[in-house]
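Student: File name work.pdb; file contents PDB, C-alpha atoms, pLDDT in the B column; full text below.
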ATOM      1  CA  MET A   1       0.000   0.000   0.000  1.00 62.00           C
ATOM      2  CA  ALA A   2       1.293   3.438  -0.941  1.00 78.00           C
ATOM      3  CA  ARG A   3       2.381   5.676   1.917  1.00 88.00           C
ATOM      4  CA  THR A   4       0.583   8.938   2.547  1.00 97.00           C
ATOM      5  CA  ALA A   5       2.160  12.335   3.072  1.00 98.00           C
ATOM      6  CA  ARG A   6       0.939  12.295   6.673  1.00 98.00           C
ATOM      7  CA  GLU A   7       2.666   8.965   7.308  1.00 98.00           C
ATOM      8  CA  VAL A   8       5.917  10.232   5.804  1.00 98.00           C
ATOM      9  CA  LEU A   9       5.931  13.383   7.926  1.00 98.00           C
ATOM     10  CA  ASP A  10       4.861  11.649  11.120  1.00 97.00           C
ATOM     11  CA  GLU A  11       7.560   9.002  10.721  1.00 97.00           C
ATOM     12  CA  ALA A  12      10.274  11.596  10.084  1.00 98.00           C
ATOM     13  CA  THR A  13       9.200  13.650  13.099  1.00 97.00           C
ATOM     14  CA  ARG A  14       9.178  10.576  15.322  1.00 97.00           C
ATOM     15  CA  GLU A  15      12.450   9.060  14.146  1.00 97.00           C
ATOM     16  CA  LEU A  16      14.410  12.310  14.057  1.00 97.00           C
ATOM     17  CA  ALA A  17      13.210  13.699  17.402  1.00 97.00           C
ATOM     18  CA  PRO A  18      16.174  14.643  19.615  1.00 95.00           C
ATOM     19  CA  GLU A  19      16.788  12.567  22.716  1.00 93.00           C
ATOM     20  CA  ALA A  20      15.534  13.861  26.038  1.00 89.00           C
ATOM     21  CA  GLY A  21      18.124  16.117  27.607  1.00 91.00           C
ATOM     22  CA  ALA A  22      20.016  16.662  24.359  1.00 97.00           C
ATOM     23  CA  ASN A  23      19.393  20.415  24.484  1.00 97.00           C
ATOM     24  CA  ARG A  24      21.823  21.924  26.997  1.00 95.00           C
ATOM     25  CA  LEU A  25      20.293  25.385  27.350  1.00 98.00           C
ATOM     26  CA  VAL A  26      16.492  25.158  27.218  1.00 98.00           C
ATOM     27  CA  PRO A  27      16.194  23.213  30.520  1.00 97.00           C
ATOM     28  CA  LEU A  28      18.319  25.879  32.227  1.00 98.00           C
ATOM     29  CA  ILE A  29      16.073  28.644  30.916  1.00 98.00           C
ATOM     30  CA  ALA A  30      12.996  26.638  31.931  1.00 98.00           C
ATOM     31  CA  ALA A  31      14.307  26.498  35.503  1.00 98.00           C
ATOM     32  CA  GLY A  32      15.345  30.151  35.521  1.00 97.00           C
ATOM     33  CA  ASP A  33      18.994  29.156  35.921  1.00 97.00           C
ATOM     34  CA  ALA A  34      20.373  30.501  32.636  1.00 97.00           C
ATOM     35  CA  PRO A  35      21.826  34.016  32.635  1.00 96.00           C
ATOM     36  CA  VAL A  36      19.999  36.716  30.714  1.00 96.00           C
ATOM     37  CA  THR A  37      23.173  37.069  28.660  1.00 96.00           C
ATOM     38  CA  ALA A  38      22.385  33.689  27.074  1.00 97.00           C
ATOM     39  CA  VAL A  39      18.965  34.969  26.013  1.00 98.00           C
ATOM     40  CA  ALA A  40      20.592  38.128  24.681  1.00 98.00           C
ATOM     41  CA  ALA A  41      23.044  36.004  22.685  1.00 98.00           C
ATOM     42  CA  PHE A  42      20.073  34.086  21.278  1.00 98.00           C
ATOM     43  CA  ALA A  43      18.526  37.334  20.046  1.00 98.00           C
ATOM     44  CA  LEU A  44      21.778  38.507  18.484  1.00 98.00           C
ATOM     45  CA  GLU A  45      22.414  35.236  16.690  1.00 98.00           C
ATOM     46  CA  GLN A  46      18.843  34.962  15.456  1.00 98.00           C
ATOM     47  CA  HIS A  47      19.195  38.206  13.500  1.00 97.00           C
ATOM     48  CA  HIS A  48      21.699  36.363  11.316  1.00 98.00           C
ATOM     49  CA  VAL A  49      19.854  33.036  11.313  1.00 98.00           C
ATOM     50  CA  ILE A  50      16.536  34.544  10.249  1.00 97.00           C
ATOM     51  CA  ALA A  51      18.043  36.617   7.444  1.00 97.00           C
ATOM     52  CA  SER A  52      19.905  33.602   6.047  1.00 98.00           C
ATOM     53  CA  ASP A  53      16.985  31.192   6.350  1.00 98.00           C
ATOM     54  CA  ALA A  54      14.634  33.623   4.620  1.00 98.00           C
ATOM     55  CA  ARG A  55      16.950  33.751   1.609  1.00 98.00           C
ATOM     56  CA  SER A  56      17.309  29.965   1.620  1.00 98.00           C
ATOM     57  CA  PHE A  57      13.545  29.428   1.656  1.00 98.00           C
ATOM     58  CA  LEU A  58      13.012  31.900  -1.173  1.00 98.00           C
ATOM     59  CA  HIS A  59      15.656  30.119  -3.239  1.00 98.00           C
ATOM     60  CA  LEU A  60      14.020  26.767  -2.556  1.00 98.00           C
ATOM     61  CA  ALA A  61      10.686  28.240  -3.635  1.00 98.00           C
ATOM     62  CA  GLU A  62      12.252  29.465  -6.873  1.00 98.00           C
ATOM     63  CA  ARG A  63      13.847  26.090  -7.576  1.00 98.00           C
ATOM     64  CA  ALA A  64      10.599  24.245  -6.865  1.00 98.00           C
ATOM     65  CA  ALA A  65       8.727  26.568  -9.219  1.00 98.00           C
ATOM     66  CA  LEU A  66      11.261  25.875 -11.970  1.00 97.00           C
ATOM     67  CA  LEU A  67      10.747  22.142 -11.360  1.00 95.00           C
ATOM     68  CA  ARG A  68       7.002  22.706 -11.785  1.00 96.00           C
ATOM     69  CA  GLN A  69       6.215  21.844  -8.195  1.00 97.00           C
ATOM     70  CA  PRO A  70       3.829  24.638  -7.191  1.00 98.00           C
ATOM     71  CA  ALA A  71       2.780  22.975  -3.931  1.00 98.00           C
ATOM     72  CA  VAL A  72       6.413  22.711  -2.837  1.00 98.00           C
ATOM     73  CA  ALA A  73       7.069  26.306  -3.872  1.00 98.00           C
ATOM     74  CA  ALA A  74       4.030  27.437  -1.873  1.00 98.00           C
ATOM     75  CA  PHE A  75       5.383  25.723   1.245  1.00 98.00           C
ATOM     76  CA  PHE A  76       8.699  27.556   1.046  1.00 98.00           C
ATOM     77  CA  ASP A  77       7.026  30.873   0.235  1.00 98.00           C
ATOM     78  CA  HIS A  78       5.037  30.438   3.433  1.00 98.00           C
ATOM     79  CA  LEU A  79       8.202  29.762   5.422  1.00 98.00           C
ATOM     80  CA  ALA A  80       9.871  32.862   4.008  1.00 98.00           C
ATOM     81  CA  GLN A  81       6.895  34.963   5.115  1.00 97.00           C
ATOM     82  CA  ASP A  82       7.164  33.463   8.603  1.00 96.00           C
ATOM     83  CA  GLU A  83      10.812  34.501   8.735  1.00 97.00           C
ATOM     84  CA  SER A  84       9.821  38.095   7.941  1.00 95.00           C
ATOM     85  CA  ARG A  85       7.317  38.041  10.801  1.00 96.00           C
ATOM     86  CA  ALA A  86       9.938  36.532  13.105  1.00 97.00           C
ATOM     87  CA  LEU A  87      12.472  39.226  12.268  1.00 96.00           C
ATOM     88  CA  ALA A  88       9.940  41.911  13.212  1.00 95.00           C
ATOM     89  CA  ARG A  89       9.503  40.272  16.624  1.00 97.00           C
ATOM     90  CA  LEU A  90      13.200  40.134  17.423  1.00 97.00           C
ATOM     91  CA  GLY A  91      13.271  43.860  18.208  1.00 96.00           C
ATOM     92  CA  PRO A  92      11.200  43.632  21.410  1.00 97.00           C
ATOM     93  CA  LEU A  93      13.172  40.579  22.535  1.00 98.00           C
ATOM     94  CA  ALA A  94      16.455  42.397  22.002  1.00 97.00           C
ATOM     95  CA  ALA A  95      15.133  45.447  23.867  1.00 97.00           C
ATOM     96  CA  ALA A  96      14.081  43.271  26.818  1.00 97.00           C
ATOM     97  CA  CYS A  97      17.671  41.982  26.887  1.00 97.00           C
ATOM     98  CA  ARG A  98      18.907  45.609  26.947  1.00 96.00           C
ATOM     99  CA  LEU A  99      20.362  45.387  23.453  1.00 97.00           C
ATOM    100  CA  ASP A 100      20.235  48.453  21.240  1.00 95.00           C
ATOM    101  CA  GLY A 101      20.621  48.765  17.480  1.00 94.00           C
ATOM    102  CA  ALA A 102      24.345  49.269  17.756  1.00 96.00           C
ATOM    103  CA  ALA A 103      24.783  46.029  19.725  1.00 96.00           C
ATOM    104  CA  VAL A 104      22.845  44.116  17.092  1.00 96.00           C
ATOM    105  CA  ALA A 105      24.796  45.663  14.226  1.00 95.00           C
ATOM    106  CA  GLU A 106      28.197  45.134  15.848  1.00 97.00           C
ATOM    107  CA  HIS A 107      27.634  41.538  16.940  1.00 97.00           C
ATOM    108  CA  GLU A 108      30.005  38.999  15.420  1.00 98.00           C
ATOM    109  CA  PRO A 109      28.111  35.720  14.898  1.00 98.00           C
ATOM    110  CA  ARG A 110      29.395  32.500  16.416  1.00 98.00           C
ATOM    111  CA  ALA A 111      30.194  29.563  14.129  1.00 98.00           C
ATOM    112  CA  GLY A 112      28.300  27.099  16.309  1.00 98.00           C
ATOM    113  CA  CYS A 113      25.166  29.197  16.068  1.00 98.00           C
ATOM    114  CA  GLN A 114      25.413  29.716  12.331  1.00 98.00           C
ATOM    115  CA  ALA A 115      26.042  26.093  11.313  1.00 98.00           C
ATOM    116  CA  TYR A 116      22.293  25.478  10.995  1.00 98.00           C
ATOM    117  CA  PRO A 117      21.577  28.308   8.531  1.00 98.00           C
ATOM    118  CA  ALA A 118      24.767  27.485   6.625  1.00 98.00           C
ATOM    119  CA  TYR A 119      23.558  23.925   6.132  1.00 98.00           C
ATOM    120  CA  ALA A 120      20.075  25.147   5.221  1.00 98.00           C
ATOM    121  CA  ALA A 121      21.700  27.302   2.546  1.00 98.00           C
ATOM    122  CA  TRP A 122      23.618  24.251   1.286  1.00 98.00           C
ATOM    123  CA  LEU A 123      20.332  22.359   1.023  1.00 98.00           C
ATOM    124  CA  ALA A 124      18.756  25.284  -0.792  1.00 98.00           C
ATOM    125  CA  LEU A 125      21.473  25.152  -3.432  1.00 98.00           C
ATOM    126  CA  GLY A 126      21.380  21.486  -4.329  1.00 96.00           C
ATOM    127  CA  ALA A 127      18.958  19.251  -2.443  1.00 98.00           C
ATOM    128  CA  GLU A 128      15.659  18.075  -3.878  1.00 98.00           C
ATOM    129  CA  PRO A 129      13.197  20.667  -2.509  1.00 98.00           C
ATOM    130  CA  VAL A 130      10.575  18.155  -1.358  1.00 98.00           C
ATOM    131  CA  ASP A 131      13.232  16.242   0.606  1.00 98.00           C
ATOM    132  CA  VAL A 132      13.995  19.489   2.414  1.00 98.00           C
ATOM    133  CA  VAL A 133      10.299  19.890   3.245  1.00 98.00           C
ATOM    134  CA  VAL A 134      10.366  16.624   5.193  1.00 98.00           C
ATOM    135  CA  ALA A 135      13.655  17.463   6.907  1.00 98.00           C
ATOM    136  CA  LEU A 136      12.482  20.898   7.995  1.00 98.00           C
ATOM    137  CA  CYS A 137       9.125  19.674   9.261  1.00 98.00           C
ATOM    138  CA  ALA A 138      10.867  17.182  11.533  1.00 97.00           C
ATOM    139  CA  ASN A 139      13.127  19.916  12.861  1.00 97.00           C
ATOM    140  CA  PHE A 140      10.307  22.415  13.316  1.00 96.00           C
ATOM    141  CA  ALA A 141       8.526  20.020  15.672  1.00 95.00           C
ATOM    142  CA  ALA A 142      11.495  20.186  18.067  1.00 96.00           C
ATOM    143  CA  TRP A 143      12.060  23.916  17.508  1.00 98.00           C
ATOM    144  CA  GLY A 144       8.437  24.715  18.294  1.00 97.00           C
ATOM    145  CA  GLY A 145       8.684  22.808  21.571  1.00 97.00           C
ATOM    146  CA  TYR A 146      11.826  24.680  22.555  1.00 98.00           C
ATOM    147  CA  CYS A 147      10.185  28.012  21.780  1.00 98.00           C
ATOM    148  CA  ALA A 148       7.091  27.152  23.829  1.00 98.00           C
ATOM    149  CA  THR A 149       9.257  26.263  26.831  1.00 98.00           C
ATOM    150  CA  VAL A 150      11.425  29.363  26.552  1.00 98.00           C
ATOM    151  CA  GLY A 151       8.449  31.683  26.092  1.00 98.00           C
ATOM    152  CA  ARG A 152       6.829  30.386  29.289  1.00 98.00           C
ATOM    153  CA  ALA A 153      10.070  30.548  31.241  1.00 98.00           C
ATOM    154  CA  LEU A 154      10.910  34.089  30.202  1.00 98.00           C
ATOM    155  CA  ARG A 155       7.558  35.248  31.539  1.00 98.00           C
ATOM    156  CA  GLU A 156       7.771  33.227  34.755  1.00 98.00           C
ATOM    157  CA  HIS A 157      11.413  33.624  35.731  1.00 98.00           C
ATOM    158  CA  TYR A 158      12.759  36.633  33.851  1.00 97.00           C
ATOM    159  CA  GLY A 159       9.856  39.090  33.881  1.00 97.00           C
ATOM    160  CA  PHE A 160       9.582  39.399  30.095  1.00 98.00           C
ATOM    161  CA  ASP A 161       6.224  40.642  28.830  1.00 98.00           C
ATOM    162  CA  ASP A 162       4.131  39.265  25.965  1.00 98.00           C
ATOM    163  CA  GLU A 163       5.711  41.581  23.402  1.00 98.00           C
ATOM    164  CA  ALA A 164       9.221  40.494  24.387  1.00 98.00           C
ATOM    165  CA  CYS A 165       8.160  36.842  24.078  1.00 98.00           C
ATOM    166  CA  GLY A 166       6.429  37.351  20.728  1.00 98.00           C
ATOM    167  CA  PHE A 167       9.254  35.710  18.778  1.00 98.00           C
ATOM    168  CA  PHE A 168       8.905  32.490  20.741  1.00 98.00           C
ATOM    169  CA  ASP A 169       5.115  32.617  20.652  1.00 98.00           C
ATOM    170  CA  LEU A 170       5.198  32.805  16.853  1.00 97.00           C
ATOM    171  CA  PHE A 171       6.976  29.475  16.523  1.00 97.00           C
ATOM    172  CA  ALA A 172       5.256  27.831  19.488  1.00 97.00           C
ATOM    173  CA  THR A 173       1.787  28.482  18.053  1.00 96.00           C
ATOM    174  CA  PRO A 174       0.403  25.780  15.725  1.00 94.00           C
ATOM    175  CA  ASP A 175       0.451  26.764  12.067  1.00 96.00           C
ATOM    176  CA  PRO A 176      -2.460  25.005  10.314  1.00 97.00           C
ATOM    177  CA  GLU A 177      -1.737  26.690   6.986  1.00 97.00           C
ATOM    178  CA  GLY A 178       1.898  25.626   7.078  1.00 97.00           C
ATOM    179  CA  ALA A 179       0.881  22.074   7.990  1.00 97.00           C
ATOM    180  CA  GLU A 180      -1.526  21.895   5.070  1.00 98.00           C
ATOM    181  CA  ARG A 181       1.099  23.216   2.687  1.00 98.00           C
ATOM    182  CA  ALA A 182       3.603  20.650   3.955  1.00 98.00           C
ATOM    183  CA  LEU A 183       1.150  17.816   3.351  1.00 98.00           C
ATOM    184  CA  ALA A 184       0.417  19.102  -0.146  1.00 98.00           C
ATOM    185  CA  ALA A 185       4.128  19.441  -0.914  1.00 98.00           C
ATOM    186  CA  VAL A 186       5.007  15.940   0.297  1.00 98.00           C
ATOM    187  CA  GLY A 187       1.985  14.503  -1.472  1.00 97.00           C
ATOM    188  CA  THR A 188       3.270  16.006  -4.702  1.00 96.00           C
ATOM    189  CA  GLY A 189       6.703  14.502  -4.099  1.00 97.00           C
ATOM    190  CA  LEU A 190       5.204  11.073  -3.545  1.00 97.00           C
ATOM    191  CA  VAL A 191       3.111  11.238  -6.705  1.00 96.00           C
ATOM    192  CA  ASP A 192       5.883  12.424  -9.014  1.00 95.00           C
ATOM    193  CA  GLY A 193       8.584  10.231  -7.450  1.00 96.00           C
ATOM    194  CA  ARG A 194      10.855  13.088  -6.417  1.00 97.00           C
ATOM    195  CA  LEU A 195      10.819  12.311  -2.698  1.00 98.00           C
ATOM    196  CA  THR A 196      13.735  10.211  -1.420  1.00 98.00           C
ATOM    197  CA  GLU A 197      13.030   9.468   2.233  1.00 97.00           C
ATOM    198  CA  ARG A 198      16.551   8.235   2.953  1.00 98.00           C
ATOM    199  CA  LEU A 199      17.985  11.604   1.956  1.00 98.00           C
ATOM    200  CA  ALA A 200      15.180  13.531   3.642  1.00 98.00           C
ATOM    201  CA  HIS A 201      16.000  11.762   6.912  1.00 98.00           C
ATOM    202  CA  ARG A 202      19.706  12.430   6.468  1.00 98.00           C
ATOM    203  CA  TYR A 203      19.024  16.127   5.970  1.00 98.00           C
ATOM    204  CA  GLY A 204      16.672  16.158   8.943  1.00 98.00           C
ATOM    205  CA  ARG A 205      19.183  14.395  11.197  1.00 98.00           C
ATOM    206  CA  LEU A 206      21.859  16.938  10.368  1.00 98.00           C
ATOM    207  CA  LEU A 207      19.470  19.848  10.868  1.00 98.00           C
ATOM    208  CA  GLN A 208      18.599  18.491  14.303  1.00 98.00           C
ATOM    209  CA  ASP A 209      22.286  18.151  15.155  1.00 98.00           C
ATOM    210  CA  TYR A 210      23.028  21.696  14.017  1.00 98.00           C
ATOM    211  CA  GLU A 211      20.023  22.902  16.012  1.00 98.00           C
ATOM    212  CA  LEU A 212      21.457  21.331  19.159  1.00 98.00           C
ATOM    213  CA  MET A 213      24.846  22.840  18.312  1.00 98.00           C
ATOM    214  CA  PHE A 214      23.162  26.262  18.229  1.00 98.00           C
ATOM    215  CA  TRP A 215      21.796  25.878  21.777  1.00 98.00           C
ATOM    216  CA  ALA A 216      25.020  24.337  23.094  1.00 98.00           C
ATOM    217  CA  THR A 217      27.017  27.271  21.772  1.00 98.00           C
ATOM    218  CA  LEU A 218      24.691  29.692  23.555  1.00 97.00           C
ATOM    219  CA  ALA A 219      24.948  27.655  26.761  1.00 96.00           C
ATOM    220  CA  ALA A 220      28.707  28.178  26.681  1.00 92.00           C
ATOM    221  CA  CYS A 221      28.426  31.964  26.341  1.00 83.00           C
TER     222      CYS A 221
END
Is it possible to give me this structure as structure tokens?
Tutor:
Amino acid sequence: MARTAREVLDEATRELAPEAGANRLVPLIAAGDAPVTAVAAFALEQHHVIASDARSFLHLAERAALLRQPAVAAFFDHLAQDESRALARLGPLAAACRLDGAAVAEHEPRAGCQAYPAYAAWLALGAEPVDVVVALCANFAAWGGYCATVGRALREHYGFDDEACGFFDLFATPDPEGAERALAAVGTGLVDGRLTERLAHRYGRLLQDYELMFWATLAAC
């Protein structure tokens, strides 16, 4: 029996989920034990991550359109729009961390924090777009959980208000439109034979590892 897009995405999310305790920083923030400087470093690094990922998603959308995969292109267009919304919400987070425009502009990004967007850019250049859809969806499941935990903790332990936590709320909130676009994209890949699950899982595994590297680098700040 042919597999469905839902089965493909659910399996990838389940198999590629990080092990409990793999994230070094989020549990510290959840307990209120991480310094505010780690949260500030997160905000600084995310200015670079978001800008890079937005370009990567737009390039993937362009490539998918050229391959006549409109559903896949629509998925990446949606992600690029989310990145624009996320960038707008970084300002209040940075302000809550007492970072001004000069601090953001002068920040030198850390290699461990920028490995994820660098790999995403590599995928954007040469990977089959629908394989990247599966890889990203698996990673987003973990990322959304981290953001939900951090958003709660910043309110409870650090006194951040709703505006300052807006960045985390954006990614912690379910995205029905994005989910529907992901299903449509993967369904297209299954029908036209472009989806290679082995590669999609490889990409997803590496994205998860680079994600954990991001948090570990911040934990060492």
Student: Please compute the CA of Arg6 in chain A-CA of Glu128 in chain A distance, one decimal, in Å.
Tutor: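 Computed distance, CA of Arg6 in chain A to CA of Glu128 in chain A, equals 19.0 Å.
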Student: Find the residues with any atom within 12 Å of (0.9, 21.0, 5.7); use all atoms listed in the file and the coordinates as given in the file, and write the answer as a PyMOL selection string.
Tutor: chain A and resi 5-6+8-10+71-72+74-76+78-79+133-134+136-137+174-188
Student: Hey, which of A:Ala148, A:Ala64, A:Leu195, A:Ala172 ends up closest to Ile29 in chain A? Count only C-alpha atoms.
Tutor: A:Ala148
Student: Looking at A:Leu16, A:Val39, A:Leu44, A:Ala54, which one is nearest to Leu206 in chain A, with distances taken over only C-alpha atoms?
Tutor: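 Of A:Leu16, A:Val39, A:Leu44, A:Ala54, the one nearest Leu206 in chain A is A:Leu16, counting only C-alpha atoms.
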Student: Let me make sure I understand: among A:Glu211, A:Asp82, A:Glu62, A:Glu197, which one has the smallest atom-to-atom distance to Phe167 in chain A if we use all atoms listed in the file?
Tutor: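 Among the listed residues, A:Asp82 lies closest to Phe167 in chain A.
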Student: Take every atom of range 10-28 of chain A listed in the file, pad by 5 Å on each side, and give me the axis-aligned box centre and edge lengths in Å, one decimal, as AutoDock Vina command-line options.
Tutor:
--center_x 13.3 --center_y 17.4 --center_z 21.2 --size_x 27.0 --size_y 26.9 --size_z 32.1
Student: Work out how far CA of Ala12 in chain A is from CA of Thr217 in chain A, in Å to one decimal.
Tutor: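 The value is 25.7 Å.
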Student: Taking a cut-off of 9 Å and counting only C-alpha atoms, can you build a table that, for each residue of range 69-142 of chain A near range 190-194 of chain A, reports the nearest atom pair and how far apart they are in Å (one decimal), sorted by chain then residue number, as CSV?
Tutor:
residue,atom,partner,partner_atom,distance
A:Glu128,CA,A:Arg194,CA,7.4
A:Pro129,CA,A:Arg194,CA,8.8
A:Val130,CA,A:Arg194,CA,7.2
A:Asp131,CA,A:Arg194,CA,8.1
Student: Write out the residues from the selection above, keeping C-alpha atoms, as a PDB file, in the frame of the given file.
Tutor:
ATOM      1  CA  GLU A 128      15.659  18.075  -3.878  1.00 98.00           C
ATOM      2  CA  PRO A 129      13.197  20.667  -2.509  1.00 98.00           C
ATOM      3  CA  VAL A 130      10.575  18.155  -1.358  1.00 98.00           C
ATOM      4  CA  ASP A 131      13.232  16.242   0.606  1.00 98.00           C
TER       5      ASP A 131
END
Student: Would you mind telling me which residue in A:Gly126, A:Pro70, A:Gly112, A:Gly189 lies nearest to Tyr210 in chain A when using only C-alpha atoms?
Tutor: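 Ranked by minimum distance to Tyr210 in chain A, first place goes to A:Gly112.
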Student: Hey, which of A:Tyr146, A:Tyr158, A:Phe140, A:Trp122 ends up closest to Thr37 in chain A? Count only C-alpha atoms.
Tutor: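 The answer is A:Tyr158, which sits nearest to Thr37 in chain A.
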Student: List as an MDAnalysis selection string the protein and nucleic acid residues near Leu212 in chain A, meaning an atom at most 9 Å away when all atoms listed in the file are counted, but skip any in the same chain fewer than 6 places from it.
Tutor: chainID A and resid 18 22:24
Student: Expand the PyMOL selection byres ((chain A and resi 116) around 12) into the explicit residue set it covers here, and present it as a count of residues only.
Tutor: 37
Student: Nearest to Ala164 in chain A among A:Ala200, A:Ala95, A:Ala105, A:Gly144, with distances taken over only C-alpha atoms: which residue is it?
Tutor: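 Checking each candidate against Ala164 in chain A, we get A:Ala95 as the closest.
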Student: Pick out the residues sitting within 10 Å of Leu28 in chain A, and hand them over as a ChimeraX atom specification; count all atoms listed in the file, and ignore anything fewer than 5 positions along from it in its own chain.
Tutor: /A:23,33-35,150,153,219
Student: On this file, the PyMOL selection byres ((chain A and resi 89) around 12) gives some set of residues; write that set as a VMD selection string.
Tutor: chain A and resid 43 46 to 47 50 82 to 88 90 to 96 162 to 171
Student: Would you put the residues from that selection into a file with C-alpha atoms, as a compact mmCIF listing (two decimals), in the frame of the given file?
Tutor:
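Final file, again01.txt:
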# COMPACT_ATOMS: atom_id res chain seq x y z
CA ALA A 43 18.53 37.33 20.05
CA GLN A 46 18.84 34.96 15.46
CA HIS A 47 19.20 38.21 13.50
CA ILE A 50 16.54 34.54 10.25
CA ASP A 82 7.16 33.46 8.60
CA GLU A 83 10.81 34.50 8.74
CA SER A 84 9.82 38.10 7.94
CA ARG A 85 7.32 38.04 10.80
CA ALA A 86 9.94 36.53 13.10
CA LEU A 87 12.47 39.23 12.27
CA ALA A 88 9.94 41.91 13.21
CA LEU A 90 13.20 40.13 17.42
CA GLY A 91 13.27 43.86 18.21
CA PRO A 92 11.20 43.63 21.41
CA LEU A 93 13.17 40.58 22.54
CA ALA A 94 16.45 42.40 22.00
CA ALA A 95 15.13 45.45 23.87
CA ALA A 96 14.08 43.27 26.82
CA ASP A 162 4.13 39.26 25.96
CA GLU A 163 5.71 41.58 23.40
CA ALA A 164 9.22 40.49 24.39
CA CYS A 165 8.16 36.84 24.08
CA GLY A 166 6.43 37.35 20.73
CA PHE A 167 9.25 35.71 18.78
CA PHE A 168 8.90 32.49 20.74
CA ASP A 169 5.12 32.62 20.65
CA LEU A 170 5.20 32.80 16.85
CA PHE A 171 6.98 29.48 16.52
Student: Please report the interatomic distance between CA of Arg202 in chain A and CA of Ala17 in chain A in Å with one decimal.
Tutor: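 Atom-to-atom, CA of Arg202 in chain A and CA of Ala17 in chain A are spaced 12.8 Å apart.
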Student: Please write range 25-44 of chain A of the preceding block to a file containing C-alpha atoms, as a PDB file, in the first residue's frame?
Tutor:
ATOM      1  CA  LEU A  25      20.293  25.385  27.350  1.00  0.00           C
ATOM      2  CA  VAL A  26      16.492  25.158  27.218  1.00  0.00           C
ATOM      3  CA  PRO A  27      16.194  23.213  30.520  1.00  0.00           C
ATOM      4  CA  LEU A  28      18.319  25.879  32.227  1.00  0.00           C
ATOM      5  CA  ILE A  29      16.073  28.644  30.916  1.00  0.00           C
ATOM      6  CA  ALA A  30      12.996  26.638  31.931  1.00  0.00           C
ATOM      7  CA  ALA A  31      14.307  26.498  35.503  1.00  0.00           C
ATOM      8  CA  GLY A  32      15.345  30.151  35.521  1.00  0.00           C
ATOM      9  CA  ASP A  33      18.994  29.156  35.921  1.00  0.00           C
ATOM     10  CA  ALA A  34      20.373  30.501  32.636  1.00  0.00           C
ATOM     11  CA  PRO A  35      21.826  34.016  32.635  1.00  0.00           C
ATOM     12  CA  VAL A  36      19.999  36.716  30.714  1.00  0.00           C
ATOM     13  CA  THR A  37      23.173  37.069  28.660  1.00  0.00           C
ATOM     14  CA  ALA A  38      22.385  33.689  27.074  1.00  0.00           C
ATOM     15  CA  VAL A  39      18.965  34.969  26.013  1.00  0.00           C
ATOM     16  CA  ALA A  40      20.592  38.128  24.681  1.00  0.00           C
ATOM     17  CA  ALA A  41      23.044  36.004  22.685  1.00  0.00           C
ATOM     18  CA  PHE A  42      20.073  34.086  21.278  1.00  0.00           C
ATOM     19  CA  ALA A  43      18.526  37.334  20.046  1.00  0.00           C
ATOM     20  CA  LEU A  44      21.778  38.507  18.484  1.00  0.00           C
TER      21      LEU A  44
END
